[in-house]
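run13.pdb (PDB, C-alpha atoms and all ligand atoms) appears below.
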ATOM      1  CA  MET O   1      80.606  74.595  -0.789
ATOM      2  CA  SER O   2      78.476  74.269  -3.918
ATOM      3  CA  TYR O   3      76.548  71.077  -4.712
ATOM      4  CA  TRP O   4      74.115  69.756  -7.329
ATOM      5  CA  PHE O   5      70.459  69.906  -6.254
ATOM      6  CA  THR O   6      67.732  67.865  -7.934
ATOM      7  CA  GLU O   7      63.992  68.476  -7.624
ATOM      8  CA  ARG O   8      62.483  65.084  -8.465
ATOM      9  CA  HIS O   9      59.495  65.293 -10.796
ATOM     10  CA  THR O  10      58.987  61.557 -11.342
ATOM     11  CA  PRO O  11      60.968  58.575 -10.021
ATOM     12  CA  THR O  12      63.282  58.860 -13.045
ATOM     13  CA  ARG O  13      63.652  62.539 -13.900
ATOM     14  CA  GLY O  14      63.769  66.036 -12.440
ATOM     15  CA  LEU O  15      65.304  69.506 -12.542
ATOM     16  CA  THR O  16      68.977  69.782 -11.556
ATOM     17  CA  PHE O  17      70.968  72.922 -10.837
ATOM     18  CA  GLN O  18      73.982  73.887  -8.812
ATOM     19  CA  VAL O  19      73.415  75.440  -5.388
ATOM     20  CA  GLU O  20      76.136  77.819  -4.176
ATOM     21  CA  GLN O  21      74.921  78.115  -0.601
ATOM     22  CA  ASN O  22      72.085  77.077   1.701
ATOM     23  CA  LEU O  23      70.971  80.381   3.203
ATOM     24  CA  TYR O  24      67.965  79.498   5.338
ATOM     25  CA  GLN O  25      65.729  76.632   6.411
ATOM     26  CA  GLU O  26      62.536  76.645   8.471
ATOM     27  CA  LYS O  27      59.776  74.139   9.133
ATOM     28  CA  SER O  28      56.139  75.042   9.739
ATOM     29  CA  GLN O  29      53.176  72.787  10.461
ATOM     30  CA  TYR O  30      52.565  72.732   6.675
ATOM     31  CA  GLN O  31      55.950  72.446   4.963
ATOM     32  CA  ILE O  32      59.722  72.877   4.972
ATOM     33  CA  LEU O  33      61.023  76.082   3.410
ATOM     34  CA  ASP O  34      64.537  76.469   2.033
ATOM     35  CA  ILE O  35      66.218  79.515   0.557
ATOM     36  CA  VAL O  36      69.298  78.722  -1.498
ATOM     37  CA  SER O  37      71.569  80.863  -3.640
ATOM     38  CA  THR O  38      72.424  79.747  -7.161
ATOM     39  CA  GLN O  39      74.541  81.123  -9.956
ATOM     40  CA  ASP O  40      71.927  80.570 -12.655
ATOM     41  CA  PHE O  41      68.681  81.584 -10.944
ATOM     42  CA  GLY O  42      69.779  83.886  -8.118
ATOM     43  CA  LEU O  43      67.935  83.218  -4.850
ATOM     44  CA  VAL O  44      65.510  80.285  -4.994
ATOM     45  CA  MET O  45      62.658  79.496  -2.595
ATOM     46  CA  LEU O  46      61.825  75.799  -2.202
ATOM     47  CA  LEU O  47      58.854  74.330  -0.358
ATOM     48  CA  ASP O  48      59.286  70.650   0.478
ATOM     49  CA  GLY O  49      62.101  70.520  -2.092
ATOM     50  CA  VAL O  50      59.975  72.011  -4.918
ATOM     51  CA  VAL O  51      60.975  75.295  -6.616
ATOM     52  CA  MET O  52      58.421  78.027  -5.855
ATOM     53  CA  VAL O  53      60.185  81.231  -6.844
ATOM     54  CA  THR O  54      63.499  82.137  -8.403
ATOM     55  CA  GLU O  55      64.811  85.669  -8.753
ATOM     56  CA  LYS O  56      65.651  85.003 -12.392
ATOM     57  CA  ASP O  57      62.328  83.800 -13.791
ATOM     58  CA  GLU O  58      59.572  84.519 -11.236
ATOM     59  CA  PHE O  59      58.123  87.085 -13.641
ATOM     60  CA  VAL O  60      56.941  84.412 -16.079
ATOM     61  CA  TYR O  61      54.601  82.596 -13.695
ATOM     62  CA  HIS O  62      53.419  85.720 -11.881
ATOM     63  CA  GLU O  63      52.703  87.728 -15.026
ATOM     64  CA  MET O  64      50.974  84.799 -16.694
ATOM     65  CA  LEU O  65      48.786  83.913 -13.712
ATOM     66  CA  THR O  66      47.683  87.544 -13.463
ATOM     67  CA  HIS O  67      47.487  89.507 -16.694
ATOM     68  CA  PRO O  68      45.525  87.264 -19.084
ATOM     69  CA  THR O  69      42.668  87.462 -16.563
ATOM     70  CA  LEU O  70      43.003  91.080 -15.507
ATOM     71  CA  PHE O  71      43.020  92.190 -19.150
ATOM     72  CA  THR O  72      39.990  89.981 -19.912
ATOM     73  CA  HIS O  73      37.831  91.527 -17.174
ATOM     74  CA  PRO O  74      37.032  95.111 -18.300
ATOM     75  CA  SER O  75      37.135  96.620 -14.784
ATOM     76  CA  PRO O  76      38.502  94.329 -12.074
ATOM     77  CA  LYS O  77      38.277  96.214  -8.775
ATOM     78  CA  ARG O  78      38.367  93.523  -6.101
ATOM     79  CA  VAL O  79      40.846  90.663  -6.536
ATOM     80  CA  LEU O  80      41.437  87.655  -4.281
ATOM     81  CA  ILE O  81      44.672  85.636  -4.403
ATOM     82  CA  ILE O  82      44.686  82.288  -2.612
ATOM     83  CA  GLY O  83      48.215  81.063  -1.811
ATOM     84  CA  GLY O  84      50.917  83.216  -3.370
ATOM     85  CA  GLY O  85      52.638  83.963  -0.054
ATOM     86  CA  ASP O  86      55.793  85.137  -1.825
ATOM     87  CA  GLY O  87      53.924  88.266  -3.021
ATOM     88  CA  GLY O  88      54.801  87.926  -6.736
ATOM     89  CA  THR O  89      51.214  87.606  -7.957
ATOM     90  CA  LEU O  90      50.037  90.384  -5.637
ATOM     91  CA  LYS O  91      52.722  92.648  -7.088
ATOM     92  CA  GLN O  92      51.497  92.002 -10.633
ATOM     93  CA  VAL O  93      47.833  92.514  -9.655
ATOM     94  CA  LEU O  94      48.660  95.886  -8.109
ATOM     95  CA  ARG O  95      50.155  97.102 -11.389
ATOM     96  CA  HIS O  96      46.562  97.521 -12.608
ATOM     97  CA  PRO O  97      45.416 101.028 -11.634
ATOM     98  CA  CYS O  98      41.737  99.941 -11.531
ATOM     99  CA  ILE O  99      42.324  97.705  -8.471
ATOM    100  CA  GLU O 100      40.616  98.985  -5.334
ATOM    101  CA  LYS O 101      41.333  95.983  -3.098
ATOM    102  CA  ALA O 102      43.637  92.975  -3.493
ATOM    103  CA  VAL O 103      43.253  90.369  -0.742
ATOM    104  CA  LEU O 104      45.918  87.670  -0.381
ATOM    105  CA  VAL O 105      44.991  84.602   1.691
ATOM    106  CA  GLU O 106      48.060  82.492   2.463
ATOM    107  CA  ILE O 107      47.870  79.570   4.883
ATOM    108  CA  ASP O 108      51.506  79.688   6.008
ATOM    109  CA  GLU O 109      52.938  82.859   7.566
ATOM    110  CA  MET O 110      56.431  81.373   7.276
ATOM    111  CA  VAL O 111      56.309  81.882   3.487
ATOM    112  CA  VAL O 112      55.277  85.546   3.816
ATOM    113  CA  ASN O 113      58.027  86.212   6.361
ATOM    114  CA  ALA O 114      60.706  84.482   4.287
ATOM    115  CA  SER O 115      59.691  86.476   1.242
ATOM    116  CA  LYS O 116      59.948  89.728   3.197
ATOM    117  CA  ARG O 117      63.488  88.791   4.138
ATOM    118  CA  PHE O 118      64.810  87.246   0.911
ATOM    119  CA  PHE O 119      62.537  88.541  -1.905
ATOM    120  CA  PRO O 120      61.886  92.167  -0.878
ATOM    121  CA  THR O 121      61.081  93.251  -4.437
ATOM    122  CA  LEU O 122      58.099  90.840  -4.395
ATOM    123  CA  ALA O 123      57.182  91.321  -0.735
ATOM    124  CA  GLU O 124      56.976  95.100  -1.114
ATOM    125  CA  ALA O 125      53.458  94.427  -2.458
ATOM    126  CA  PHE O 126      52.304  93.394   1.053
ATOM    127  CA  SER O 127      52.522  96.997   2.246
ATOM    128  CA  HIS O 128      50.729  98.524  -0.757
ATOM    129  CA  PRO O 129      47.727 100.618   0.383
ATOM    130  CA  GLN O 130      45.306  98.504  -1.699
ATOM    131  CA  ALA O 131      46.661  95.175  -0.358
ATOM    132  CA  GLU O 132      45.361  93.081   2.529
ATOM    133  CA  VAL O 133      47.276  89.974   3.647
ATOM    134  CA  LEU O 134      45.470  87.322   5.689
ATOM    135  CA  ILE O 135      47.047  84.212   7.166
ATOM    136  CA  GLU O 136      44.294  81.645   6.772
ATOM    137  CA  ASP O 137      43.266  78.526   4.868
ATOM    138  CA  GLY O 138      41.835  79.714   1.546
ATOM    139  CA  ILE O 139      39.290  76.876   1.623
ATOM    140  CA  ALA O 140      37.694  78.279   4.788
ATOM    141  CA  PHE O 141      38.019  81.924   3.714
ATOM    142  CA  ILE O 142      36.198  81.443   0.412
ATOM    143  CA  LYS O 143      33.077  80.047   2.116
ATOM    144  CA  ARG O 144      32.526  83.283   4.062
ATOM    145  CA  ASN O 145      32.839  85.688   1.122
ATOM    146  CA  GLU O 146      29.932  85.226  -1.290
ATOM    147  CA  GLY O 147      29.621  87.710  -4.162
ATOM    148  CA  SER O 148      32.740  89.620  -3.133
ATOM    149  CA  PHE O 149      35.332  89.488  -5.904
ATOM    150  CA  ASP O 150      35.698  90.362  -9.588
ATOM    151  CA  VAL O 151      38.685  88.033  -9.975
ATOM    152  CA  ILE O 152      40.047  85.091  -7.969
ATOM    153  CA  LEU O 153      43.572  83.787  -8.704
ATOM    154  CA  ILE O 154      44.636  80.436  -7.253
ATOM    155  CA  ASP O 155      48.405  80.606  -6.712
ATOM    156  CA  SER O 156      48.807  77.285  -4.948
ATOM    157  CA  THR O 157      51.418  74.639  -4.371
ATOM    158  CA  ASP O 158      50.945  71.220  -6.025
ATOM    159  CA  PRO O 159      47.833  69.197  -5.096
ATOM    160  CA  VAL O 160      49.146  67.628  -1.906
ATOM    161  CA  GLY O 161      48.888  68.569   1.763
ATOM    162  CA  ALA O 162      47.193  71.904   2.526
ATOM    163  CA  ALA O 163      46.755  72.655  -1.199
ATOM    164  CA  GLU O 164      44.932  69.424  -2.096
ATOM    165  CA  GLY O 165      41.488  70.874  -1.440
ATOM    166  CA  LEU O 166      42.276  73.818  -3.749
ATOM    167  CA  PHE O 167      41.957  71.367  -6.668
ATOM    168  CA  HIS O 168      38.491  70.033  -5.702
ATOM    169  CA  LYS O 169      35.156  70.744  -7.367
ATOM    170  CA  ASP O 170      33.603  71.874  -4.050
ATOM    171  CA  PHE O 171      36.282  74.535  -3.781
ATOM    172  CA  TYR O 172      35.665  75.732  -7.360
ATOM    173  CA  ALA O 173      31.940  75.898  -6.543
ATOM    174  CA  ASP O 174      32.740  78.067  -3.512
ATOM    175  CA  CYS O 175      34.910  80.278  -5.753
ATOM    176  CA  TYR O 176      31.974  80.598  -8.179
ATOM    177  CA  LYS O 177      29.818  81.836  -5.285
ATOM    178  CA  ALA O 178      32.540  84.204  -4.029
ATOM    179  CA  LEU O 179      32.723  85.873  -7.444
ATOM    180  CA  LYS O 180      30.481  88.725  -8.539
ATOM    181  CA  PRO O 181      28.024  87.975 -11.389
ATOM    182  CA  ASN O 182      30.639  88.715 -14.116
ATOM    183  CA  GLY O 183      33.632  87.339 -12.222
ATOM    184  CA  ILE O 184      36.584  85.235 -13.359
ATOM    185  CA  LEU O 185      38.474  82.444 -11.575
ATOM    186  CA  THR O 186      41.970  81.496 -12.772
ATOM    187  CA  ILE O 187      43.920  78.536 -11.443
ATOM    188  CA  GLN O 188      47.497  77.412 -11.862
ATOM    189  CA  SER O 189      47.088  73.998 -13.454
ATOM    190  CA  GLU O 190      50.388  72.136 -13.221
ATOM    191  CA  SER O 191      52.651  70.672 -15.915
ATOM    192  CA  PRO O 192      51.108  68.613 -18.733
ATOM    193  CA  TRP O 193      54.341  66.592 -19.048
ATOM    194  CA  ILE O 194      53.951  64.952 -15.626
ATOM    195  CA  GLU O 195      51.864  61.859 -16.334
ATOM    196  CA  ASP O 196      50.590  61.508 -12.751
ATOM    197  CA  LEU O 197      49.218  65.053 -12.884
ATOM    198  CA  GLN O 198      47.395  64.710 -16.215
ATOM    199  CA  PRO O 199      44.217  63.327 -14.576
ATOM    200  CA  VAL O 200      44.291  66.245 -12.121
ATOM    201  CA  ILE O 201      44.469  68.724 -15.023
ATOM    202  CA  SER O 202      41.640  66.982 -16.911
ATOM    203  CA  ARG O 203      39.450  66.730 -13.818
ATOM    204  CA  ALA O 204      39.943  70.419 -12.988
ATOM    205  CA  HIS O 205      38.827  71.286 -16.518
ATOM    206  CA  ARG O 206      35.718  69.085 -16.315
ATOM    207  CA  ASP O 207      34.825  70.461 -12.893
ATOM    208  CA  LEU O 208      35.277  74.075 -13.972
ATOM    209  CA  LYS O 209      33.186  73.451 -17.112
ATOM    210  CA  SER O 210      30.371  72.075 -15.007
ATOM    211  CA  LEU O 211      30.252  75.425 -13.173
ATOM    212  CA  PHE O 212      31.360  78.176 -15.601
ATOM    213  CA  PRO O 213      30.144  78.824 -19.180
ATOM    214  CA  ILE O 214      33.637  79.762 -20.436
ATOM    215  CA  VAL O 215      36.730  77.712 -19.509
ATOM    216  CA  MET O 216      39.985  78.233 -21.413
ATOM    217  CA  PRO O 217      43.342  76.611 -20.611
ATOM    218  CA  TYR O 218      46.556  78.347 -21.601
ATOM    219  CA  SER O 219      50.283  77.769 -21.172
ATOM    220  CA  ALA O 220      53.559  79.488 -20.345
ATOM    221  CA  ALA O 221      57.171  78.341 -20.671
ATOM    222  CA  ILE O 222      58.667  78.394 -17.168
ATOM    223  CA  GLN O 223      62.237  77.153 -17.074
ATOM    224  CA  THR O 224      62.319  76.215 -13.374
ATOM    225  CA  TYR O 225      58.906  74.508 -13.057
ATOM    226  CA  GLN O 226      58.292  70.860 -13.858
ATOM    227  CA  ALA O 227      59.394  70.053 -17.435
ATOM    228  CA  GLY O 228      59.501  73.768 -18.258
ATOM    229  CA  LEU O 229      55.894  74.035 -19.433
ATOM    230  CA  TRP O 230      53.028  75.163 -17.217
ATOM    231  CA  LEU O 231      49.268  75.323 -17.617
ATOM    232  CA  PHE O 232      46.645  77.693 -16.252
ATOM    233  CA  GLN O 233      42.879  77.631 -16.679
ATOM    234  CA  ILE O 234      40.598  80.674 -16.869
ATOM    235  CA  ALA O 235      36.985  80.017 -15.833
ATOM    236  CA  SER O 236      34.719  82.955 -16.560
ATOM    237  CA  LYS O 237      31.056  83.737 -15.900
ATOM    238  CA  LYS O 238      30.735  86.188 -18.794
ATOM    239  CA  TYR O 239      33.880  87.695 -20.322
ATOM    240  CA  HIS O 240      35.721  85.743 -23.024
ATOM    241  CA  PRO O 241      39.552  85.860 -22.855
ATOM    242  CA  LEU O 242      39.848  86.444 -26.608
ATOM    243  CA  MET O 243      36.614  88.168 -27.634
ATOM    244  CA  ASP O 244      36.527  90.571 -24.672
ATOM    245  CA  PHE O 245      40.271  91.258 -24.626
ATOM    246  CA  ASP O 246      41.251  94.882 -25.187
ATOM    247  CA  GLY O 247      44.935  94.766 -26.148
ATOM    248  CA  SER O 248      45.307  98.540 -26.189
ATOM    249  CA  LYS O 249      45.280  98.556 -22.372
ATOM    250  CA  CYS O 250      48.485  96.528 -21.983
ATOM    251  CA  ARG O 251      50.642  98.081 -24.702
ATOM    252  CA  ASP O 252      52.607 100.526 -22.550
ATOM    253  CA  MET O 253      52.986  98.409 -19.439
ATOM    254  CA  ASN O 254      56.471  97.057 -20.119
ATOM    255  CA  PHE O 255      55.974  93.440 -19.032
ATOM    256  CA  LYS O 256      58.870  90.998 -19.212
ATOM    257  CA  TYR O 257      56.922  87.972 -20.537
ATOM    258  CA  TYR O 258      53.283  88.897 -21.159
ATOM    259  CA  ASN O 259      52.263  91.089 -24.099
ATOM    260  CA  GLU O 260      49.292  91.689 -26.373
ATOM    261  CA  GLU O 261      50.276  89.096 -28.980
ATOM    262  CA  LEU O 262      51.154  86.512 -26.355
ATOM    263  CA  HIS O 263      47.720  86.966 -24.786
ATOM    264  CA  LYS O 264      46.147  85.929 -28.081
ATOM    265  CA  GLY O 265      48.651  83.113 -28.645
ATOM    266  CA  CYS O 266      48.831  81.490 -25.216
ATOM    267  CA  PHE O 267      45.464  79.777 -25.647
ATOM    268  CA  ALA O 268      46.737  77.845 -28.699
ATOM    269  CA  LEU O 269      47.927  74.559 -27.225
ATOM    270  CA  PRO O 270      49.758  71.527 -28.618
ATOM    271  CA  SER O 271      47.464  68.658 -29.626
ATOM    272  CA  PHE O 272      48.554  66.321 -26.832
ATOM    273  CA  ILE O 273      47.567  68.979 -24.314
ATOM    274  CA  ASN O 274      44.241  69.711 -26.019
ATOM    275  CA  ARG O 275      43.434  66.013 -25.640
ATOM    276  CA  LEU O 276      43.651  66.420 -21.860
ATOM    277  CA  PHE O 277      40.613  68.677 -22.198
ATOM    278  CA  THR O 278      38.597  66.723 -24.730
ATOM    279  CA  GLU O 279      39.060  63.026 -24.056
TER     280      GLU O 279
HETATM  281  N1  LIG R 301      52.716  78.033  -8.218
HETATM  282  C1  LIG R 301      53.735  78.303  -7.339
HETATM  283  C2  LIG R 301      54.538  77.035  -7.321
HETATM  284  O1  LIG R 301      53.938  75.958  -7.219
HETATM  285  O2  LIG R 301      55.714  77.099  -7.464
HETATM  286  C3  LIG R 301      53.086  78.649  -6.040
HETATM  287  C4  LIG R 301      53.934  79.441  -5.126
HETATM  288  S1  LIG R 301      53.121  80.063  -3.677
HETATM  289  C5  LIG R 301      54.515  80.138  -2.624
HETATM  290  C6  LIG R 301      52.083  78.716  -3.100
HETATM  291  C7  LIG R 301      51.529  78.960  -1.712
HETATM  292  O3  LIG R 301      50.265  78.319  -1.547
HETATM  293  C8  LIG R 301      52.402  78.411  -0.566
HETATM  294  O4  LIG R 301      52.986  79.459   0.123
HETATM  295  C9  LIG R 301      51.427  77.613   0.298
HETATM  296  O5  LIG R 301      51.649  77.784   1.676
HETATM  297  C10 LIG R 301      50.089  78.193  -0.146
HETATM  298  N2  LIG R 301      48.926  77.331   0.141
HETATM  299  C11 LIG R 301      48.840  75.981   0.028
HETATM  300  N3  LIG R 301      47.626  75.556   0.418
HETATM  301  C12 LIG R 301      46.910  76.658   0.787
HETATM  302  C13 LIG R 301      45.585  76.868   1.265
HETATM  303  N4  LIG R 301      44.754  75.843   1.465
HETATM  304  N5  LIG R 301      45.195  78.132   1.517
HETATM  305  C14 LIG R 301      46.041  79.188   1.320
HETATM  306  N6  LIG R 301      47.299  79.047   0.863
HETATM  307  C15 LIG R 301      47.738  77.797   0.593
END

Could you render the structure from this file as structure tokens?
Amino acid sequence: MSYWFTERHTPTRGLTFQVEQNLYQEKSQYQILDIVSTQDFGLVMLLDGVVMVTEKDEFVYHEMLTHPTLFTHPSPKRVLIIGGGDGGTLKQVLRHPCIEKAVLVEIDEMVVNASKRFFPTLAEAFSHPQAEVLIEDGIAFIKRNEGSFDVILIDSTDPVGAAEGLFHKDFYADCYKALKPNGILTIQSESPWIEDLQPVISRAHRDLKSLFPIVMPYSAAIQTYQAGLWLFQIASKKYHPLMDFDGSKCRDMNFKYYNEELHKGCFALPSFINRLFTE
């Protein structure tokens, strides 16, 4: 029997949609995973009641976490993804023919297994010859891998529980060390409409700026994430997301959200969001 599901974003508002059927539930030491079917979004993966992936709009988040960075770096060969156990970001990374190795470090095997079962079009990336999937805490992994990666993408859950440390300055400093001399770190940076998260967004920006010479936030409209608007931040040792961007490379790649013009436009942010980075 169908029912209305609400993901609470604040004590007084949230995202509501109709669930047709609960398909699966599992609990790990980190979180509770649910897979539900919906009319509007197809299959939806929830972790602790928060939407992670929907069949309908996963492409927005995964393309926008990946391509602005991979088209800024002129030759990204080794990419690290921390989190991202559904495989969606890995799949986008592997669309770039220059990739020699893409390592995904996900703390919770339950997420990888559920994706294999319910989101096979994302999980197919796990068996790509250039992919390596490790079940480990990204915070520990990063400390052992100095100077190893051209690009690091942080595809984390919200800053609570196992993911909390992925939003700390010490972790960003370890990412800086794990990058090669011209490397780029990109983080998912939450919704600017959620007042409680605004200090987290501002602090991440300050911390990244204290480590990297170039830090540029950008946004994407994601219908099923909090308040429909999501931020990311690119932190780069050398390459500039606008000045070093070669749009000719992405013209024939047939993305569903990302494109050459959007790359240039996504860094233009509304004034109230810019203030999160200046005040
Ligand atoms: N941005 C997407 C969202 O919030 O909807 C993220 C989706 S992806 C499924 C997030 C993944 O990060 C989860 O599977 C979670 O287990 C993983 N994760 C959380 N903390 C982690 C850590 N310390 N190391 C590695 N993976 C972590």

Q: Anything within 10 Å of (48.3, 102.1, -2.4): list those residues as a PyMOL selection string, counting only C-alpha atoms and sticking to the file's coordinates.
A: chain O and resi 94+97+99-101+125+127-131

Hey, could you pull the box centre and edge lengths for segment 111-116 of chain O, axis-aligned, 8 Å padding per side, all listed atoms, to one decimal in Å, as lines of an AutoDock Vina configuration file?
center_x = 58.0
center_y = 85.8
center_z = 3.8
size_x = 21.4
size_y = 23.8
size_z = 21.1

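Selecting all polymer residues at most 7 Å from ligand LIG 301 (chain R), using all atoms listed in the file, gives Val51, Met52, Val53, Ile82, Gly83, Gly84, Gly85, Asp86, Val105, Glu106, Ile107, Asp108, Val111, Glu136, Asp137, Gly138, Ile139, Asp155, Ser156, Thr157, Asp158, Ala162, Ala163, Gly165, Leu166, Gln188 and Tyr225 of chain O.
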
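Of the residues listed (O:Asp40, O:Asp246, O:Glu190, O:Asp48), O:Asp48 shows the shortest atom-to-atom separation from Ser28 of chain O; distances use all atoms listed in the file.
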
Q: Name every residue that the PyMOL selection byres (((chain O and resi 257-273) around 6) and not hetatm) selects in this structure, writing the answer as a count of residues only with chains first and numbers rising.
A: 9

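Here the PyMOL selection byres (((chain O and resi 47) around 7) and not hetatm) matches the residues Gln31, Ile32, Leu33, Asp34, Met45, Leu46, Asp48, Gly49, Val50, Val51 and Met52 of chain O.
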
What do you get, as a CSV table (one decimal) with C-alpha atoms, in the coordinates of the input, if you spell out every residue that the PyMOL selection byres (((chain O and resi 23) around 6) and not hetatm) selects here?
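Heads up, here's the output in result-v4.csv:
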chain,number,residue,atom,x,y,z
O,21,GLN,CA,74.9,78.1,-0.6
O,22,ASN,CA,72.1,77.1,1.7
O,24,TYR,CA,68.0,79.5,5.3
O,35,ILE,CA,66.2,79.5,0.6
O,36,VAL,CA,69.3,78.7,-1.5

Q. What is the distance, in Å and to one decimal place, between atom CA of Glu20 of chain O and atom CA of Lys56 of chain O?
A.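 Those two atoms sit 15.1 Å apart.
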
Q. Quick one: distance from atom CA of Gly161 of chain O to atom CA of Leu15 of chain O in Å, one decimal?
A. 21.8 Å

Using 12 Å as the limit and counting all atoms listed in the file, can you tabulate each residue of segment 35-142 of chain O that touches segment 174-181 of chain O, with its shortest atom-to-atom distance in Å and the two atoms involved, as JSON lines?
{"residue": "O:His73", "atom": "CA", "partner": "O:Lys180", "partner_atom": "CA", "distance": 11.7}
{"residue": "O:Pro76", "atom": "CA", "partner": "O:Lys180", "partner_atom": "CA", "distance": 10.4}
{"residue": "O:Lys77", "atom": "CA", "partner": "O:Lys180", "partner_atom": "CA", "distance": 10.8}
{"residue": "O:Arg78", "atom": "CA", "partner": "O:Lys180", "partner_atom": "CA", "distance": 9.5}
{"residue": "O:Val79", "atom": "CA", "partner": "O:Leu179", "partner_atom": "CA", "distance": 9.5}
{"residue": "O:Leu80", "atom": "CA", "partner": "O:Leu179", "partner_atom": "CA", "distance": 9.4}
{"residue": "O:Ile81", "atom": "CA", "partner": "O:Cys175", "partner_atom": "CA", "distance": 11.2}
{"residue": "O:Ile82", "atom": "CA", "partner": "O:Cys175", "partner_atom": "CA", "distance": 10.5}
{"residue": "O:Gly138", "atom": "CA", "partner": "O:Cys175", "partner_atom": "CA", "distance": 10.1}
{"residue": "O:Ile139", "atom": "CA", "partner": "O:Asp174", "partner_atom": "CA", "distance": 8.4}
{"residue": "O:Ala140", "atom": "CA", "partner": "O:Asp174", "partner_atom": "CA", "distance": 9.7}
{"residue": "O:Phe141", "atom": "CA", "partner": "O:Asp174", "partner_atom": "CA", "distance": 9.7}
{"residue": "O:Ile142", "atom": "CA", "partner": "O:Asp174", "partner_atom": "CA", "distance": 6.2}

**Q.** Close residues, Ala204 of chain O itself excluded, 12 Å, only C-alpha atoms, min 5 positions apart in chain, as an MDAnalysis selection string
**A.** chainID O and resid 159 165:173 186:190 197:199 209:212 215:217 231:235 276:277

Q. Do you have the atom CA of Gln29 of chain O-atom CA of Leu43 of chain O distance handy?
A. 23.7 Å

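Between Lys91 of chain O and the candidates O:Phe119, O:Tyr3, O:Phe149, O:Phe71, the tightest atom-to-atom separation, counting only C-alpha atoms, involves O:Phe119.
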
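The nearest approach to Phe245 of chain O among the residues O:Thr69, O:Val103, O:Glu63, O:Ala220, with only C-alpha atoms taken into account, belongs to O:Thr69.
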